[in-house]
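File shown here: data-v2.txt, holding compact mmCIF, C-alpha atoms and all ligand atoms.
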```
# COMPACT_ATOMS: atom_id res chain seq x y z
CA MET A 1 8.87 -12.95 8.08
CA SER A 2 12.64 -13.29 7.72
CA ASP A 3 14.42 -16.63 8.03
CA ASN A 4 16.97 -15.05 10.31
CA LYS A 5 17.87 -16.53 13.66
CA SER A 6 19.12 -14.64 16.66
CA TYR A 7 20.73 -15.66 19.93
CA VAL A 8 21.64 -13.50 22.89
CA MET A 9 24.23 -14.66 25.39
CA TRP A 10 23.34 -13.32 28.81
CA ASN A 11 23.65 -14.02 32.46
CA ASN A 12 23.34 -11.40 35.18
CA LYS A 13 26.65 -12.73 36.50
CA GLY A 14 29.95 -11.44 35.10
CA GLY A 15 32.89 -13.49 33.91
CA VAL A 16 30.95 -16.66 33.09
CA GLY A 17 32.25 -16.86 29.53
CA LYS A 18 29.70 -14.87 27.49
CA SER A 19 32.29 -13.23 25.26
CA THR A 20 34.51 -16.29 24.92
CA ILE A 21 31.59 -18.50 23.95
CA THR A 22 30.26 -15.84 21.55
CA PHE A 23 33.63 -15.83 19.77
CA HIS A 24 33.82 -19.61 19.51
CA ILE A 25 30.20 -20.23 18.53
CA ALA A 26 30.11 -17.50 15.92
CA SER A 27 33.38 -18.51 14.26
CA ILE A 28 32.42 -22.18 14.01
CA TYR A 29 28.80 -21.45 13.07
CA ALA A 30 30.00 -19.31 10.16
CA GLU A 31 32.38 -22.04 8.96
CA GLU A 32 29.60 -24.62 9.04
CA ASN A 33 26.89 -22.45 7.46
CA LYS A 34 28.42 -20.85 4.40
CA ASP A 35 24.98 -20.22 2.91
CA LYS A 36 24.22 -17.76 5.71
CA ASP A 37 25.74 -14.53 6.97
CA VAL A 38 26.69 -14.65 10.62
CA ILE A 39 26.70 -11.34 12.49
CA VAL A 40 28.05 -10.80 15.98
CA VAL A 41 26.52 -7.78 17.68
CA ASP A 42 28.73 -6.80 20.59
CA MET A 43 26.55 -4.99 23.09
CA CYS A 44 29.11 -4.95 25.86
CA PRO A 45 31.13 -1.75 26.36
CA GLN A 46 34.16 -3.90 27.21
CA ALA A 47 34.08 -5.13 23.59
CA ASN A 48 35.87 -8.38 24.48
CA SER A 49 34.26 -10.51 21.81
CA SER A 50 35.00 -7.77 19.24
CA SER A 51 38.69 -7.89 20.20
CA MET A 52 38.89 -11.66 19.85
CA LEU A 53 37.09 -11.58 16.51
CA MET A 54 39.38 -8.84 15.25
CA GLY A 55 42.44 -10.97 15.90
CA GLY A 56 42.96 -10.47 19.63
CA GLY A 57 45.92 -8.90 21.41
CA VAL A 58 47.16 -5.34 21.11
CA GLU A 59 46.54 -5.00 17.35
CA SER A 60 42.81 -5.59 17.75
CA GLU A 61 42.68 -2.69 20.22
CA SER A 62 43.91 -0.25 17.59
CA VAL A 63 41.43 -1.53 14.99
CA LEU A 64 38.67 -1.13 17.58
CA GLN A 65 39.74 2.43 18.36
CA GLU A 66 39.68 3.26 14.65
CA LEU A 67 36.08 2.05 14.34
CA ILE A 68 35.01 3.90 17.50
CA SER A 69 36.63 7.21 16.55
CA LYS A 70 35.05 7.61 13.11
CA ASP A 71 32.70 10.61 12.75
CA GLU A 72 29.88 8.10 12.49
CA PRO A 73 31.28 5.28 14.66
CA GLN A 74 31.29 1.96 12.78
CA THR A 75 30.09 0.30 15.97
CA ILE A 76 26.93 -0.54 17.85
CA VAL A 77 26.87 3.05 19.14
CA GLY A 78 26.82 4.36 15.55
CA TYR A 79 23.99 1.98 14.70
CA ILE A 80 21.90 2.82 17.76
CA THR A 81 22.42 6.56 17.25
CA GLU A 82 21.18 6.45 13.65
CA ALA A 83 18.28 4.16 14.57
CA THR A 84 17.26 6.52 17.40
CA LEU A 85 17.39 9.60 15.21
CA ASN A 86 15.74 8.14 12.08
CA GLY A 87 13.71 5.24 13.43
CA ASN A 88 15.86 2.92 11.28
CA ALA A 89 19.49 2.42 10.32
CA ASP A 90 21.43 0.93 7.42
CA ILE A 91 23.19 -2.21 8.68
CA ASN A 92 25.77 -2.10 5.88
CA LYS A 93 27.22 1.15 7.23
CA TYR A 94 28.04 -0.41 10.60
CA ILE A 95 29.20 -3.96 9.92
CA THR A 96 32.84 -4.95 9.72
CA SER A 97 33.78 -7.83 7.45
CA LEU A 98 35.95 -9.87 9.79
CA SER A 99 37.88 -11.96 7.26
CA GLU A 100 39.47 -8.72 6.00
CA ILE A 101 40.93 -8.16 9.46
CA ASN A 102 41.36 -11.67 10.80
CA LYS A 103 42.34 -14.20 8.13
CA ASN A 104 41.42 -17.11 10.42
CA LEU A 105 37.72 -16.33 10.05
CA SER A 106 35.42 -17.23 7.19
CA ASP A 107 34.16 -14.53 4.85
CA ASN A 108 30.52 -14.85 5.90
CA LEU A 109 31.31 -13.63 9.43
CA PHE A 110 30.60 -9.99 10.30
CA LEU A 111 30.73 -7.80 13.38
CA ILE A 112 28.88 -4.81 14.69
CA SER A 113 31.62 -3.85 17.05
CA GLY A 114 31.36 -3.12 20.75
CA ASP A 115 32.04 0.44 21.86
CA GLY A 116 32.84 1.81 25.32
CA ASN A 117 30.61 4.79 24.56
CA LEU A 118 27.57 2.54 25.07
CA GLU A 119 27.90 3.60 28.72
CA LEU A 120 27.70 7.25 27.69
CA ILE A 121 24.61 6.91 25.51
CA ALA A 122 22.75 4.75 28.04
CA PRO A 123 21.19 7.71 29.97
CA LEU A 124 20.17 9.33 26.67
CA LEU A 125 18.42 6.15 25.55
CA SER A 126 16.57 5.94 28.88
CA GLU A 127 15.53 9.57 28.58
CA ARG A 128 14.20 9.02 25.05
CA ALA A 129 12.37 5.84 26.05
CA GLU A 130 10.65 7.61 28.94
CA SER A 131 9.75 10.73 26.96
CA THR A 132 6.10 11.75 26.64
CA PRO A 133 4.35 10.34 23.53
CA LEU A 134 3.46 13.07 21.06
CA SER A 135 0.32 11.38 19.74
CA ALA A 136 -1.91 8.40 20.46
CA SER A 137 0.16 6.25 18.11
CA ASP A 138 3.56 7.49 19.30
CA ASN A 139 5.36 5.00 21.55
CA PRO A 140 8.86 6.23 22.42
CA TRP A 141 9.47 3.34 24.84
CA LEU A 142 8.72 0.70 22.23
CA ASN A 143 10.69 2.59 19.56
CA ILE A 144 13.84 2.52 21.66
CA TYR A 145 13.36 -1.02 22.94
CA SER A 146 12.81 -2.35 19.39
CA ILE A 147 16.08 -1.04 17.94
CA ILE A 148 18.02 -4.31 18.18
CA ARG A 149 14.91 -6.40 17.48
CA LYS A 150 14.58 -4.57 14.15
CA LEU A 151 18.31 -5.01 13.49
CA THR A 152 18.12 -8.79 13.84
CA GLN A 153 15.38 -8.91 11.19
CA LYS A 154 17.77 -7.38 8.64
CA ARG A 155 19.94 -9.05 6.04
CA ILE A 156 23.21 -7.91 4.51
CA SER A 157 22.33 -9.45 1.12
CA ALA A 158 18.71 -10.02 0.18
CA ASP A 159 19.27 -13.67 -0.78
CA ARG A 160 21.14 -14.77 2.35
CA PRO A 161 19.51 -15.28 5.76
CA CYS A 162 21.44 -13.96 8.73
CA VAL A 163 22.21 -15.57 12.06
CA TYR A 164 22.90 -13.12 14.86
CA PHE A 165 24.87 -13.73 18.04
CA ILE A 166 24.60 -10.93 20.57
CA ASP A 167 27.15 -10.58 23.36
CA THR A 168 26.11 -8.63 26.43
CA ASN A 169 27.28 -6.96 29.58
CA PRO A 170 26.22 -8.71 32.79
CA SER A 171 24.56 -5.58 34.22
CA PHE A 172 20.88 -5.16 33.38
CA SER A 173 21.42 -1.69 31.95
CA ILE A 174 19.24 -0.32 29.18
CA TYR A 175 21.58 -1.50 26.42
CA THR A 176 21.54 -5.02 27.90
CA GLN A 177 17.74 -4.89 27.89
CA LEU A 178 17.76 -3.85 24.22
CA ALA A 179 20.15 -6.72 23.48
CA ILE A 180 17.95 -9.25 25.24
CA VAL A 181 14.76 -8.23 23.46
CA GLY A 182 16.72 -8.22 20.20
CA ALA A 183 16.97 -12.00 20.03
CA ASP A 184 14.65 -14.98 19.60
CA LYS A 185 16.66 -17.23 21.88
CA LEU A 186 18.57 -16.75 25.09
CA LEU A 187 21.72 -18.75 25.83
CA VAL A 188 22.68 -18.70 29.50
CA PRO A 189 26.30 -19.49 30.35
CA ILE A 190 26.90 -20.48 33.95
CA ASN A 191 29.88 -21.64 35.96
CA ALA A 192 29.65 -24.30 38.63
CA ASP A 193 29.60 -21.95 41.59
CA ASP A 194 27.01 -20.62 44.00
CA SER A 195 26.95 -17.12 42.57
CA SER A 196 26.01 -18.56 39.15
CA ILE A 197 23.20 -20.50 40.78
CA PHE A 198 21.88 -17.36 42.54
CA ALA A 199 22.14 -15.45 39.27
CA ILE A 200 19.53 -17.79 37.73
CA SER A 201 16.86 -16.32 40.05
CA GLY A 202 18.08 -12.83 39.18
CA LEU A 203 17.70 -13.57 35.49
CA PHE A 204 14.08 -14.66 35.82
CA ASN A 205 13.18 -11.77 38.15
CA LEU A 206 14.73 -9.16 35.89
CA MET A 207 13.21 -10.48 32.67
CA TRP A 208 9.78 -11.61 33.79
CA GLY A 209 9.32 -9.96 37.20
CA ALA A 210 9.59 -11.25 40.75
CA SER A 211 6.91 -13.68 41.97
CA VAL A 212 6.01 -11.12 44.65
CA ALA A 213 5.87 -7.68 43.08
CA HIS A 214 7.57 -4.83 44.92
CA PRO A 215 4.85 -2.44 46.17
CA ILE A 216 6.61 0.70 44.92
CA TYR A 217 9.29 -0.16 42.38
CA ASP A 218 7.42 -2.81 40.40
CA LYS A 219 5.83 -0.34 37.99
CA TYR A 220 9.24 1.02 37.01
CA THR A 221 10.79 -2.34 36.22
CA PHE A 222 11.71 -3.59 32.77
CA ALA A 223 9.55 -6.69 33.35
CA THR A 224 6.42 -4.62 34.01
CA LYS A 225 7.02 -2.26 31.12
CA ALA A 226 7.77 -5.13 28.75
CA LYS A 227 4.44 -6.71 29.75
CA ASN A 228 2.54 -3.44 29.37
CA HIS A 229 3.99 -2.89 25.90
CA ASN A 230 3.45 -6.53 24.80
CA LEU A 231 7.12 -6.86 24.08
CA ASN A 232 8.24 -10.36 23.08
CA LEU A 233 11.05 -11.75 25.17
CA PRO A 234 13.43 -14.46 23.95
CA GLN A 235 12.92 -18.04 25.00
CA ILE A 236 15.68 -19.85 26.85
CA GLY A 237 17.49 -22.09 24.38
CA PHE A 238 20.27 -23.63 26.43
CA LEU A 239 22.00 -23.48 29.77
CA LEU A 240 25.70 -23.61 28.95
CA GLY A 241 27.71 -25.10 31.80
CA ASN A 242 31.03 -23.44 31.11
CA ARG A 243 34.29 -24.78 32.55
CA PHE A 244 32.49 -27.60 34.32
CA THR A 245 35.54 -29.78 33.78
CA GLN A 246 37.86 -27.10 35.11
CA LYS A 247 39.37 -28.91 38.06
CA ILE A 248 39.69 -32.58 37.38
CA GLY A 249 40.25 -33.47 41.03
CA ALA A 250 37.24 -31.46 42.06
CA ALA A 251 34.94 -32.94 39.41
CA HIS A 252 32.65 -34.34 42.05
CA ALA A 253 32.09 -30.96 43.72
CA PHE A 254 31.54 -29.36 40.33
CA LYS A 255 28.91 -31.95 39.50
CA ALA A 256 27.06 -31.14 42.73
CA LEU A 257 26.92 -27.45 41.78
CA SER A 258 26.02 -28.04 38.15
CA ASP A 259 23.24 -30.39 39.25
CA LYS A 260 21.94 -27.67 41.56
CA ALA A 261 21.92 -25.13 38.71
CA ILE A 262 19.99 -27.52 36.48
CA ASP A 263 17.53 -28.27 39.33
CA LYS A 264 16.88 -24.58 39.63
CA MET A 265 16.31 -24.10 35.90
CA TYR A 266 14.08 -27.16 35.82
CA ALA A 267 11.96 -25.68 38.63
CA GLU A 268 11.52 -22.55 36.49
CA PHE A 269 10.65 -24.72 33.50
CA MET A 270 7.96 -26.52 35.48
CA LYS A 271 6.40 -23.18 36.47
CA ASN A 272 6.64 -21.53 33.04
CA PRO A 273 7.53 -23.88 30.17
CA ASP A 274 6.62 -21.16 27.67
CA ARG A 275 9.74 -19.26 28.72
CA PHE A 276 11.80 -22.06 27.21
CA GLU A 277 12.30 -22.99 23.57
CA ASN A 278 9.97 -25.70 22.26
CA ARG A 279 11.52 -29.11 21.94
CA ASN A 280 10.35 -31.95 19.73
CA ASN A 281 10.79 -34.38 22.60
CA GLU A 282 8.39 -34.13 25.47
CA ILE A 283 10.03 -33.16 28.78
CA LYS A 284 8.67 -35.45 31.46
CA SER A 285 11.42 -35.37 34.04
CA ARG A 286 14.39 -33.43 35.29
CA ASP A 287 16.66 -35.79 33.34
CA ASP A 288 14.74 -35.08 30.13
CA PHE A 289 15.17 -31.38 30.87
CA GLU A 290 18.89 -31.75 31.45
CA ARG A 291 19.35 -33.68 28.22
CA GLU A 292 17.40 -31.15 26.16
CA PHE A 293 18.49 -27.87 27.71
CA SER A 294 21.92 -28.25 29.25
CA ILE A 295 25.23 -28.39 27.43
CA GLU A 296 28.56 -28.77 29.18
CA LEU A 297 31.53 -26.90 27.82
CA ARG A 298 35.03 -27.91 28.81
CA ASP A 299 37.71 -25.74 30.25
CA PHE A 300 39.79 -24.72 27.25
CA ASN A 301 42.98 -24.35 29.28
CA SER A 302 45.88 -23.14 27.12
CA ALA A 303 43.80 -23.56 23.92
CA GLY A 304 41.50 -20.84 25.29
CA VAL A 305 44.39 -18.49 26.00
CA VAL A 306 45.78 -18.91 22.47
CA ALA A 307 42.36 -18.61 20.83
CA ALA A 308 41.55 -15.35 22.65
CA ASN A 309 44.98 -13.82 22.16
CA GLN A 310 45.19 -14.55 18.43
CA GLY A 311 41.53 -14.57 17.39
CA LEU A 312 42.00 -18.18 16.37
CA PRO A 313 38.94 -20.46 16.18
CA LEU A 314 39.40 -23.92 17.70
CA THR A 315 38.91 -25.44 14.25
CA LYS A 316 41.99 -23.59 12.97
CA MET A 317 44.29 -24.46 15.85
CA ALA A 318 46.66 -26.96 14.22
CA LYS A 319 50.02 -26.33 15.87
CA HIS A 320 51.35 -27.80 19.12
CA SER A 321 52.65 -24.48 20.38
CA TYR A 322 51.90 -20.79 19.92
CA VAL A 323 53.73 -17.65 21.01
CA VAL A 324 51.69 -15.38 23.29
CA TYR A 325 53.36 -12.11 24.34
CA GLY A 326 56.79 -13.59 23.74
CA ARG A 327 56.17 -16.86 25.55
CA GLU A 328 55.71 -20.24 23.98
CA ILE A 329 52.43 -21.89 25.01
CA GLN A 330 51.91 -25.61 24.47
CA VAL A 331 48.49 -26.81 23.32
CA ALA A 332 48.12 -30.58 23.36
CA LYS A 333 46.32 -32.03 20.34
CA GLU A 334 43.93 -34.04 22.47
CA GLN A 335 42.93 -30.92 24.37
CA ARG A 336 42.42 -28.86 21.18
CA ASP A 337 40.31 -31.62 19.65
CA LYS A 338 38.11 -32.07 22.73
CA CYS A 339 37.45 -28.33 23.00
CA ARG A 340 36.69 -28.06 19.29
CA ASP A 341 34.32 -31.03 19.37
CA ALA A 342 32.45 -29.67 22.40
CA MET A 343 31.97 -26.34 20.62
CA LYS A 344 30.92 -28.02 17.36
CA ASP A 345 28.38 -30.06 19.28
CA LEU A 346 26.91 -26.87 20.71
CA VAL A 347 26.76 -25.24 17.27
CA ASN A 348 25.03 -28.29 15.81
CA ARG A 349 22.37 -28.19 18.51
CA LEU A 350 21.41 -24.56 17.87
N1 LIG B 401 35.76 -22.63 28.75
C1 LIG B 401 36.74 -21.82 29.17
N2 LIG B 401 37.98 -22.31 29.40
C2 LIG B 401 38.99 -21.55 29.83
N3 LIG B 401 38.88 -20.24 30.10
C3 LIG B 401 37.67 -19.68 29.90
C4 LIG B 401 36.54 -20.42 29.44
N4 LIG B 401 35.48 -19.58 29.34
C5 LIG B 401 35.93 -18.38 29.74
N5 LIG B 401 37.24 -18.43 30.08
C6 LIG B 401 38.07 -17.33 30.61
O1 LIG B 401 37.33 -16.74 31.70
C7 LIG B 401 37.45 -15.33 31.68
C8 LIG B 401 36.05 -14.70 31.56
O2 LIG B 401 35.51 -15.07 30.31
P1 LIG B 401 34.68 -14.02 29.45
O3 LIG B 401 35.37 -12.72 29.36
O4 LIG B 401 34.31 -14.70 28.19
O5 LIG B 401 33.40 -13.88 30.39
P2 LIG B 401 32.19 -12.85 30.26
O6 LIG B 401 31.00 -13.52 30.80
O7 LIG B 401 32.12 -12.34 28.87
O8 LIG B 401 32.69 -11.69 31.23
P3 LIG B 401 32.00 -10.23 31.41
O9 LIG B 401 30.84 -10.47 32.30
O10 LIG B 401 33.10 -9.43 32.03
O11 LIG B 401 31.62 -9.75 30.05
C9 LIG B 401 38.36 -14.99 30.51
O12 LIG B 401 39.68 -14.86 31.00
C10 LIG B 401 38.27 -16.21 29.61
O13 LIG B 401 39.43 -16.42 28.84
MG MG B 402 32.15 -10.36 28.20
```
What is this file in structure tokens?
Ligand SMILES: Nc1ncnc2c1ncn2[C@@H]1O[C@H](COP(=O)(O)OP(=O)(O)OP(=O)(O)O)[C@@H](O)[C@H]1O
Ligand SMILES: [Mg+2]
Amino acid sequence: MSDNKSYVMWNNKGGVGKSTITFHIASIYAEENKDKDVIVVDMCPQANSSSMLMGGGVESESVLQELISKDEPQTIVGYITEATLNGNADINKYITSLSEINKNLSDNLFLISGDGNLELIAPLLSERAESTPLSASDNPWLNIYSIIRKLTQKRISADRPCVYFIDTNPSFSIYTQLAIVGADKLLVPINADDSSIFAISGLFNLMWGASVAHPIYDKYTFATKAKNHNLNLPQIGFLLGNRFTQKIGAAHAFKALSDKAIDKMYAEFMKNPDRFENRNNEIKSRDDFEREFSIELRDFNSAGVVAANQGLPLTKMAKHSYVVYGREIQVAKEQRDKCRDAMKDLVNRL
């Protein structure tokens, strides 16, 4: 049993902040846990968190292209390809040491880069997973679906536990499914809007199956196959209310929507508490649930723009102004500090 930890950031809704939060959590987690190696696995073909981690802006794009175009891509596609062919893969061939590329990051932070070709290999992975077993002990479906699960058990150095943060694509494509089953814990970013609230039902239906099974399609779903293969799914660790403080004047309306999202999660918790991470404190009410499972993240405003453009963690943002594509952007100290503290609080609760 390894002492590794693994978190996957997923919501079936796009644009809720998965990649942004992955960047911020991973960079701060690495700074605060120097005795561990922190590895971001970017399982989104857009590779947004990879870009931020590799310094952001145009330069990070060229580094990314270099990794993708190697004969054996030094990306998640390279890793998955080797693992599919050989049943296992050597993590050290595919990681990128981020402090060598982005001097703002600590030297225990690593990346298995995103790669647009994930889209291209997706049908091949599905084909392999659905192929006919060659013997009673052969299980192609489980072999494919365990690729990232096996990755997150690995260490870079034998004496240092690893903490994995997996960024995902919102679509429930096969690579997203691999990412989800790769982690112990699921972090669910949401925004205070109705589509985020609807997406909560989608998340439960896709992972664990709809309460009323579809008469025809049910047997083809991920949820059914995962059950049939006894595949462990991650437990929900936190609901991350992202940008809940976005519009100060509209704070009241935002609160109404965030309350609704928490109500909905609490209803799921009441039905199936085993789908949520165990807490030391007993959850006896909706308020207990909110306190234990919901974390509000602020709108980063200009601090977020600078951080993403320059691959700069909030802890390293010390100046009052930064130049982004030729324009000077002001970042008030109070704002930087509040954003940093909110992110540190999240990291400390993991
Ligand atoms: N707390 C925040 N404050 C300010 N801007 C934010 C915040 N979180 C995310 N954003 C901005 O919102 C946009 C979407 O964020 P991000 O790309 O992280 O979402 P995502 O869930 O990864 O999207 P996708 O589903 O496309 O992968 C980006 O422009 C990002 O800079
Ligand atoms: Mg993203």
Kindly work out which residues sit at most 7 Å from ligand MG 402 (chain B), using only C-alpha atoms and all ligand atoms, and give the list as a list in words.
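Checking only C-alpha atoms and all ligand atoms against ligand MG 402 (chain B) at 7 Å gives Gly15, Gly17, Lys18, Ser19, Cys44, Gln46, Asn48, Ser49, Asp167, Thr168 and Asn169 of chain A.
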Could you list, with a cut-off of 9 Å and counting only C-alpha atoms and all ligand atoms, the residues of chain A near ligand LIG 401 (chain B), each shown with its nearest atom pair and the distance in Å rounded to one decimal, rows sorted by chain and ascending number, as JSON lines?
```
{"residue": "A:Met9", "atom": "CA", "partner": "B:LIG401", "partner_atom": "O6", "distance": 8.7}
{"residue": "A:Trp10", "atom": "CA", "partner": "B:LIG401", "partner_atom": "O6", "distance": 7.9}
{"residue": "A:Asn11", "atom": "CA", "partner": "B:LIG401", "partner_atom": "O6", "distance": 7.6}
{"residue": "A:Asn12", "atom": "CA", "partner": "B:LIG401", "partner_atom": "O9", "distance": 8.1}
{"residue": "A:Lys13", "atom": "CA", "partner": "B:LIG401", "partner_atom": "O9", "distance": 6.3}
{"residue": "A:Gly14", "atom": "CA", "partner": "B:LIG401", "partner_atom": "O9", "distance": 3.1}
{"residue": "A:Gly15", "atom": "CA", "partner": "B:LIG401", "partner_atom": "O8", "distance": 3.2}
{"residue": "A:Val16", "atom": "CA", "partner": "B:LIG401", "partner_atom": "O6", "distance": 3.9}
{"residue": "A:Gly17", "atom": "CA", "partner": "B:LIG401", "partner_atom": "O4", "distance": 3.3}
{"residue": "A:Lys18", "atom": "CA", "partner": "B:LIG401", "partner_atom": "O7", "distance": 3.8}
{"residue": "A:Ser19", "atom": "CA", "partner": "B:LIG401", "partner_atom": "O7", "distance": 3.7}
{"residue": "A:Thr20", "atom": "CA", "partner": "B:LIG401", "partner_atom": "O4", "distance": 3.6}
{"residue": "A:Ile21", "atom": "CA", "partner": "B:LIG401", "partner_atom": "O4", "distance": 6.3}
{"residue": "A:Thr22", "atom": "CA", "partner": "B:LIG401", "partner_atom": "O4", "distance": 7.9}
{"residue": "A:Phe23", "atom": "CA", "partner": "B:LIG401", "partner_atom": "O4", "distance": 8.5}
{"residue": "A:Cys44", "atom": "CA", "partner": "B:LIG401", "partner_atom": "O11", "distance": 6.8}
{"residue": "A:Pro45", "atom": "CA", "partner": "B:LIG401", "partner_atom": "O11", "distance": 8.8}
{"residue": "A:Gln46", "atom": "CA", "partner": "B:LIG401", "partner_atom": "O11", "distance": 7.0}
{"residue": "A:Ala47", "atom": "CA", "partner": "B:LIG401", "partner_atom": "O11", "distance": 8.3}
{"residue": "A:Asn48", "atom": "CA", "partner": "B:LIG401", "partner_atom": "O3", "distance": 6.5}
{"residue": "A:Ser49", "atom": "CA", "partner": "B:LIG401", "partner_atom": "O7", "distance": 7.6}
{"residue": "A:Asp167", "atom": "CA", "partner": "B:LIG401", "partner_atom": "O7", "distance": 7.6}
{"residue": "A:Thr168", "atom": "CA", "partner": "B:LIG401", "partner_atom": "O11", "distance": 6.7}
{"residue": "A:Asn169", "atom": "CA", "partner": "B:LIG401", "partner_atom": "O11", "distance": 5.2}
{"residue": "A:Pro170", "atom": "CA", "partner": "B:LIG401", "partner_atom": "O9", "distance": 5.0}
{"residue": "A:Ser171", "atom": "CA", "partner": "B:LIG401", "partner_atom": "O9", "distance": 8.2}
{"residue": "A:Pro189", "atom": "CA", "partner": "B:LIG401", "partner_atom": "O6", "distance": 7.6}
{"residue": "A:Ile190", "atom": "CA", "partner": "B:LIG401", "partner_atom": "O6", "distance": 8.7}
{"residue": "A:Asn191", "atom": "CA", "partner": "B:LIG401", "partner_atom": "N4", "distance": 8.9}
{"residue": "A:Gly241", "atom": "CA", "partner": "B:LIG401", "partner_atom": "N1", "distance": 9.0}
{"residue": "A:Asn242", "atom": "CA", "partner": "B:LIG401", "partner_atom": "N1", "distance": 5.3}
{"residue": "A:Arg243", "atom": "CA", "partner": "B:LIG401", "partner_atom": "N1", "distance": 4.6}
{"residue": "A:Phe244", "atom": "CA", "partner": "B:LIG401", "partner_atom": "N1", "distance": 8.1}
{"residue": "A:Thr245", "atom": "CA", "partner": "B:LIG401", "partner_atom": "N1", "distance": 8.7}
{"residue": "A:Gln246", "atom": "CA", "partner": "B:LIG401", "partner_atom": "N2", "distance": 7.5}
{"residue": "A:Leu297", "atom": "CA", "partner": "B:LIG401", "partner_atom": "N1", "distance": 6.1}
{"residue": "A:Arg298", "atom": "CA", "partner": "B:LIG401", "partner_atom": "N1", "distance": 5.3}
{"residue": "A:Asp299", "atom": "CA", "partner": "B:LIG401", "partner_atom": "N2", "distance": 3.5}
{"residue": "A:Phe300", "atom": "CA", "partner": "B:LIG401", "partner_atom": "N2", "distance": 3.7}
{"residue": "A:Asn301", "atom": "CA", "partner": "B:LIG401", "partner_atom": "C2", "distance": 4.9}
{"residue": "A:Ser302", "atom": "CA", "partner": "B:LIG401", "partner_atom": "C2", "distance": 7.6}
{"residue": "A:Ala303", "atom": "CA", "partner": "B:LIG401", "partner_atom": "C2", "distance": 7.9}
{"residue": "A:Gly304", "atom": "CA", "partner": "B:LIG401", "partner_atom": "C2", "distance": 5.2}
{"residue": "A:Val305", "atom": "CA", "partner": "B:LIG401", "partner_atom": "O13", "distance": 6.1}
{"residue": "A:Ala307", "atom": "CA", "partner": "B:LIG401", "partner_atom": "O13", "distance": 8.8}
{"residue": "A:Ala308", "atom": "CA", "partner": "B:LIG401", "partner_atom": "O13", "distance": 6.6}
{"residue": "A:Cys339", "atom": "CA", "partner": "B:LIG401", "partner_atom": "N1", "distance": 8.3}
```
Pull the closest atom pair for each residue of segment 128-230 of chain A that gets at most 12 Å from segment 76-91 of chain A, along with the distance in Å to one decimal, counting only C-alpha atoms, ordering rows by chain and then ascending residue number, as a tab-separated table.
```
residue	atom	partner	partner_atom	distance
A:Arg128	CA	A:Thr84	CA	8.6
A:Ala129	CA	A:Thr84	CA	10.0
A:Asp138	CA	A:Gly87	CA	11.9
A:Asn139	CA	A:Gly87	CA	11.6
A:Pro140	CA	A:Thr84	CA	9.8
A:Trp141	CA	A:Thr84	CA	11.2
A:Leu142	CA	A:Gly87	CA	11.1
A:Asn143	CA	A:Gly87	CA	7.3
A:Ile144	CA	A:Thr84	CA	6.8
A:Tyr145	CA	A:Thr84	CA	10.1
A:Ser146	CA	A:Gly87	CA	9.7
A:Ile147	CA	A:Ala83	CA	6.6
A:Ile148	CA	A:Ile80	CA	8.1
A:Arg149	CA	A:Asn88	CA	11.2
A:Lys150	CA	A:Asn88	CA	8.1
A:Leu151	CA	A:Ile91	CA	7.4
A:Thr152	CA	A:Ile91	CA	9.8
A:Gln153	CA	A:Ile91	CA	10.6
A:Lys154	CA	A:Ile91	CA	7.5
A:Arg155	CA	A:Ile91	CA	8.0
A:Ile156	CA	A:Ile91	CA	7.1
A:Ser157	CA	A:Ile91	CA	10.5
A:Cys162	CA	A:Ile91	CA	11.9
A:Ile166	CA	A:Ile76	CA	11.0
A:Asp167	CA	A:Ile76	CA	11.5
A:Thr168	CA	A:Ile76	CA	11.8
A:Tyr175	CA	A:Ile80	CA	9.7
A:Leu178	CA	A:Ile80	CA	10.2
A:Ala179	CA	A:Ile76	CA	10.8
```
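Here atom CA of Leu125 of chain A stands at a distance of 7.5 Å from atom CA of Ile174 of chain A.
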When you look at Ser294 of chain A with a cut-off of 7 Å (counting only C-alpha atoms), what residues show up, excluding the ones that are within fewer than 3 positions of it in the same chain? I need them as an NGL selection string.
:A and (238-240 or 290-291)
Hey, which of A:Ser201, A:Ser113, A:Ser60, A:Asn102 ends up closest to Pro73 of chain A? Count only C-alpha atoms.
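When distances to Pro73 of chain A are compared using only C-alpha atoms, the smallest one comes from A:Ser113.
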In Å to one decimal, how far is atom CA of Ile236 of chain A from atom CA of Met207 of chain A?
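Atom-to-atom, atom CA of Met207 of chain A to atom CA of Ile236 of chain A, that is 11.3 Å.
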Using all atoms listed in the file, determine which residues lie at most 12 Å from segment 280-288 of chain A, disregarding the query and same-chain residues fewer than 5 positions distant; provide the list as a list in words.
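Neighbouring residues, sequence-local ones excluded: Asp259, Lys260, Ala261, Ile262, Asp263, Lys264, Met265, Tyr266, Ala267, Glu268, Phe269, Met270, Pro273, Phe293 and Ser294 of chain A.
Our summary of the geometry notes that atom CA of Glu119 of chain A is positioned 20.6 Å from atom CA of Tyr220 of chain A.
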Nearest to Asn117 of chain A, chosen from A:Ile39, A:Val324, A:Met54, A:Ile68, with only C-alpha atoms counted in the distances
A:Ile68
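Among A:Asp107, A:Glu72, A:Glu277, A:Glu100, the residue with the shortest atom-to-atom distance to Leu187 of chain A, counting only C-alpha atoms, is A:Glu277.
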Under the rule that all atoms listed in the file are counted, which of A:Val38, A:Ala158, A:Val347, A:Ile295 is the nearest residue to Ser2 of chain A?
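Ranking A:Val38, A:Ala158, A:Val347, A:Ile295 by distance to Ser2 of chain A, first place goes to A:Ala158.
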